[in-house]
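> I'm passing along data.cif; it holds mmCIF, C-alpha atoms; chains and numbers go by the auth columns.
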data_my_file
loop_
_atom_site.group_PDB
_atom_site.id
_atom_site.type_symbol
_atom_site.label_atom_id
_atom_site.label_comp_id
_atom_site.label_asym_id
_atom_site.label_seq_id
_atom_site.Cartn_x
_atom_site.Cartn_y
_atom_site.Cartn_z
_atom_site.B_iso_or_equiv
_atom_site.auth_seq_id
_atom_site.auth_asym_id
ATOM 1 C CA MET A 1 0.000 0.000 0.000 0.00 1 A
ATOM 2 C CA VAL A 2 1.347 3.422 -0.942 0.00 2 A
ATOM 3 C CA ALA A 3 0.532 6.549 1.042 0.00 3 A
ATOM 4 C CA GLU A 4 -1.811 8.822 -0.836 0.00 4 A
ATOM 5 C CA THR A 5 -1.078 12.443 -1.574 0.00 5 A
ATOM 6 C CA GLY A 6 -2.155 14.540 1.364 0.00 6 A
ATOM 7 C CA SER A 7 -1.598 11.717 3.826 0.00 7 A
ATOM 8 C CA PHE A 8 0.019 12.268 7.209 0.00 8 A
ATOM 9 C CA PHE A 9 3.382 11.066 5.889 0.00 9 A
ATOM 10 C CA SER A 10 5.477 13.188 3.598 0.00 10 A
ATOM 11 C CA PRO A 11 9.191 12.614 3.109 0.00 11 A
ATOM 12 C CA SER A 12 11.236 15.282 4.854 0.00 12 A
ATOM 13 C CA SER A 13 13.825 15.675 2.125 0.00 13 A
ATOM 14 C CA ALA A 14 14.016 15.436 -1.640 0.00 14 A
ATOM 15 C CA LEU A 15 16.726 12.782 -1.304 0.00 15 A
ATOM 16 C CA LEU A 16 14.519 10.623 0.920 0.00 16 A
ATOM 17 C CA ASP A 17 11.589 11.120 -1.441 0.00 17 A
ATOM 18 C CA ASN A 18 13.709 9.903 -4.365 0.00 18 A
ATOM 19 C CA HIS A 19 14.853 6.814 -2.475 0.00 19 A
ATOM 20 C CA PHE A 20 11.266 5.980 -1.461 0.00 20 A
ATOM 21 C CA HIS A 21 10.130 6.312 -5.076 0.00 21 A
ATOM 22 C CA GLU A 22 12.894 3.994 -6.287 0.00 22 A
ATOM 23 C CA ILE A 23 12.240 1.498 -3.471 0.00 23 A
ATOM 24 C CA LEU A 24 8.526 1.270 -4.241 0.00 24 A
ATOM 25 C CA GLU A 25 9.137 0.949 -7.976 0.00 25 A
ATOM 26 C CA THR A 26 11.739 -1.766 -7.459 0.00 26 A
ATOM 27 C CA VAL A 27 9.577 -3.717 -5.013 0.00 27 A
ATOM 28 C CA GLU A 28 6.836 -3.868 -7.664 0.00 28 A
ATOM 29 C CA GLU A 29 9.365 -5.124 -10.208 0.00 29 A
ATOM 30 C CA ILE A 30 10.580 -7.770 -7.756 0.00 30 A
ATOM 31 C CA ARG A 31 7.019 -8.921 -7.089 0.00 31 A
ATOM 32 C CA GLY A 32 6.437 -9.324 -10.819 0.00 32 A
ATOM 33 C CA LEU A 33 9.667 -11.215 -11.368 0.00 33 A
ATOM 34 C CA ILE A 34 8.941 -13.566 -8.479 0.00 34 A
ATOM 35 C CA ALA A 35 5.491 -14.269 -9.911 0.00 35 A
ATOM 36 C CA ILE A 36 7.044 -15.101 -13.276 0.00 36 A
ATOM 37 C CA LEU A 37 9.689 -17.347 -11.714 0.00 37 A
ATOM 38 C CA ARG A 38 7.064 -19.208 -9.702 0.00 38 A
ATOM 39 C CA SER A 39 5.163 -19.945 -12.891 0.00 39 A
ATOM 40 C CA LEU A 40 8.184 -21.250 -14.819 0.00 40 A
ATOM 41 C CA ALA A 41 9.283 -24.860 -14.754 0.00 41 A
ATOM 42 C CA PRO A 42 12.702 -25.403 -13.150 0.00 42 A
ATOM 43 C CA ALA A 43 14.189 -26.378 -16.538 0.00 43 A
ATOM 44 C CA ASP A 44 12.623 -23.480 -18.485 0.00 44 A
ATOM 45 C CA GLU A 45 15.241 -21.773 -20.665 0.00 45 A
ATOM 46 C CA LYS A 46 13.917 -18.309 -19.697 0.00 46 A
ATOM 47 C CA ARG A 47 14.584 -18.942 -16.004 0.00 47 A
ATOM 48 C CA ASP A 48 18.194 -17.682 -16.124 0.00 48 A
ATOM 49 C CA GLU A 49 17.092 -14.399 -17.679 0.00 49 A
ATOM 50 C CA TYR A 50 14.450 -13.749 -14.993 0.00 50 A
ATOM 51 C CA GLU A 51 16.763 -14.825 -12.175 0.00 51 A
ATOM 52 C CA GLY A 52 19.357 -12.375 -13.501 0.00 52 A
ATOM 53 C CA ARG A 53 16.778 -9.598 -13.642 0.00 53 A
ATOM 54 C CA LEU A 54 15.694 -10.450 -10.092 0.00 54 A
ATOM 55 C CA TYR A 55 19.292 -10.238 -8.878 0.00 55 A
ATOM 56 C CA ALA A 56 19.690 -6.848 -10.584 0.00 56 A
ATOM 57 C CA ALA A 57 16.451 -5.584 -9.004 0.00 57 A
ATOM 58 C CA LEU A 58 17.530 -6.769 -5.549 0.00 58 A
ATOM 59 C CA THR A 59 20.874 -5.019 -5.996 0.00 59 A
ATOM 60 C CA HIS A 60 19.062 -1.853 -7.080 0.00 60 A
ATOM 61 C CA LEU A 61 16.824 -2.111 -4.012 0.00 61 A
ATOM 62 C CA ASP A 62 19.862 -2.441 -1.757 0.00 62 A
ATOM 63 C CA HIS A 63 21.384 0.601 -3.476 0.00 63 A
ATOM 64 C CA HIS A 64 18.400 2.709 -2.337 0.00 64 A
ATOM 65 C CA VAL A 65 17.511 1.149 1.025 0.00 65 A
ATOM 66 C CA LYS A 66 20.864 1.749 2.719 0.00 66 A
ATOM 67 C CA PRO A 67 21.066 5.461 1.788 0.00 67 A
ATOM 68 C CA ALA A 68 17.379 5.903 2.667 0.00 68 A
ATOM 69 C CA ILE A 69 18.077 4.603 6.165 0.00 69 A
ATOM 70 C CA LYS A 70 21.039 6.979 6.499 0.00 70 A
ATOM 71 C CA GLU A 71 18.955 9.928 5.298 0.00 71 A
ATOM 72 C CA TRP A 72 16.119 8.917 7.632 0.00 72 A
ATOM 73 C CA ASP A 73 18.599 8.975 10.530 0.00 73 A
ATOM 74 C CA HIS A 74 19.671 12.499 9.503 0.00 74 A
ATOM 75 C CA VAL A 75 16.038 13.636 9.389 0.00 75 A
ATOM 76 C CA VAL A 76 15.351 12.176 12.843 0.00 76 A
ATOM 77 C CA ASP A 77 18.534 13.736 14.256 0.00 77 A
ATOM 78 C CA ARG A 78 17.331 17.175 13.117 0.00 78 A
ATOM 79 C CA MET A 79 13.947 16.779 14.852 0.00 79 A
ATOM 80 C CA PRO A 80 13.338 18.682 18.077 0.00 80 A
ATOM 81 C CA ASP A 81 13.709 16.616 21.250 0.00 81 A
ATOM 82 C CA ASP A 82 10.336 17.583 22.767 0.00 82 A
#
Let me see the structure of the file written as structure tokens.

Amino acid sequence: MVAETGSFFSPSSALLDNHFHEILETVEEIRGLIAILRSLAPADEKRDEYEGRLYAALTHLDHHVKPAIKEWDHVVDRMPDD
């Protein structure tokens, strides 16, 4: 589920917003690739291609999750302590 515009949550920085966008897009790609792989027979010749694409998507996800966590920490550190 994705937060709707006008919801209570809005990313606190443009960098965080970009990472969230990439994360959500990549998660959808991963879901699709997993669905395809589940439907293929183990010996299907297309399996290697989809497994490679899944690996690339997971790597892309990792590329955005780690910096998003760092940016989130920076946002939280700048919040008032009240």
> For CA of Leu37 in chain A and CA of Glu51 in chain A, determine how far apart the two atoms are, in Å to one decimal place.
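That distance, rounded to one decimal, is 7.5 Å.
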> Using the chain letters and numbers from this file, what does the PyMOL selection byres ((chain A and resi 22) around 12) select? Give the answer as a list of chain:residue names.
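Output of the PyMOL selection byres ((chain A and resi 22) around 12): A:Leu15, A:Leu16, A:Asp17, A:Asn18, A:His19, A:Phe20, A:His21, A:Ile23, A:Leu24, A:Glu25, A:Thr26, A:Val27, A:Glu28, A:Glu29, A:Ala57, A:Leu58, A:His60, A:Leu61, A:Asp62, A:His63, A:His64, A:Val65, A:Pro67, A:Ala68.
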> Please produce a file of the residues just selected, as a PDB file, in the frame of the given file, where the atoms kept are C-alpha atoms.

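Resulting contents of result-v4.pdb:
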ATOM      1  CA  LEU A  15      16.726  12.782  -1.304  1.00  0.00           C
ATOM      2  CA  LEU A  16      14.519  10.623   0.920  1.00  0.00           C
ATOM      3  CA  ASP A  17      11.589  11.120  -1.441  1.00  0.00           C
ATOM      4  CA  ASN A  18      13.709   9.903  -4.365  1.00  0.00           C
ATOM      5  CA  HIS A  19      14.853   6.814  -2.475  1.00  0.00           C
ATOM      6  CA  PHE A  20      11.266   5.980  -1.461  1.00  0.00           C
ATOM      7  CA  HIS A  21      10.130   6.312  -5.076  1.00  0.00           C
ATOM      8  CA  ILE A  23      12.240   1.498  -3.471  1.00  0.00           C
ATOM      9  CA  LEU A  24       8.526   1.270  -4.241  1.00  0.00           C
ATOM     10  CA  GLU A  25       9.137   0.949  -7.976  1.00  0.00           C
ATOM     11  CA  THR A  26      11.739  -1.766  -7.459  1.00  0.00           C
ATOM     12  CA  VAL A  27       9.577  -3.717  -5.013  1.00  0.00           C
ATOM     13  CA  GLU A  28       6.836  -3.868  -7.664  1.00  0.00           C
ATOM     14  CA  GLU A  29       9.365  -5.124 -10.208  1.00  0.00           C
ATOM     15  CA  ALA A  57      16.451  -5.584  -9.004  1.00  0.00           C
ATOM     16  CA  LEU A  58      17.530  -6.769  -5.549  1.00  0.00           C
ATOM     17  CA  HIS A  60      19.062  -1.853  -7.080  1.00  0.00           C
ATOM     18  CA  LEU A  61      16.824  -2.111  -4.012  1.00  0.00           C
ATOM     19  CA  ASP A  62      19.862  -2.441  -1.757  1.00  0.00           C
ATOM     20  CA  HIS A  63      21.384   0.601  -3.476  1.00  0.00           C
ATOM     21  CA  HIS A  64      18.400   2.709  -2.337  1.00  0.00           C
ATOM     22  CA  VAL A  65      17.511   1.149   1.025  1.00  0.00           C
ATOM     23  CA  PRO A  67      21.066   5.461   1.788  1.00  0.00           C
ATOM     24  CA  ALA A  68      17.379   5.903   2.667  1.00  0.00           C
TER      25      ALA A  68
END
> Could you work out how far CA of Ile30 in chain A lies from CA of Tyr55 in chain A, giving the answer in Å with one decimal?
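Separation between CA of Tyr55 in chain A and CA of Ile30 in chain A: 9.1 Å.
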> For a test of reading the model, state the distance in Å between CA of Glu45 in chain A and CA of Thr59 in chain A, rounded to one decimal.
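Separation of CA of Glu45 in chain A and CA of Thr59 in chain A: 23.0 Å.
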> In terms of the shortest atom-to-atom distance over all atoms listed in the file, which of A:Ile69, A:Ile34, A:Met79, A:Ala14 is closest to Gly52 in chain A?
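Under the stated criterion, the closest residue is A:Ile34.
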> Can you report as lines of an AutoDock Vina configuration file the centre and edge lengths in Å, to one decimal, of an axis-aligned box around the listed atoms of range 52-59 of chain A padded with 3 Å on each side?

center_x = 18.3
center_y = -8.7
center_z = -9.6
size_x = 11.2
size_y = 13.4
size_z = 14.1
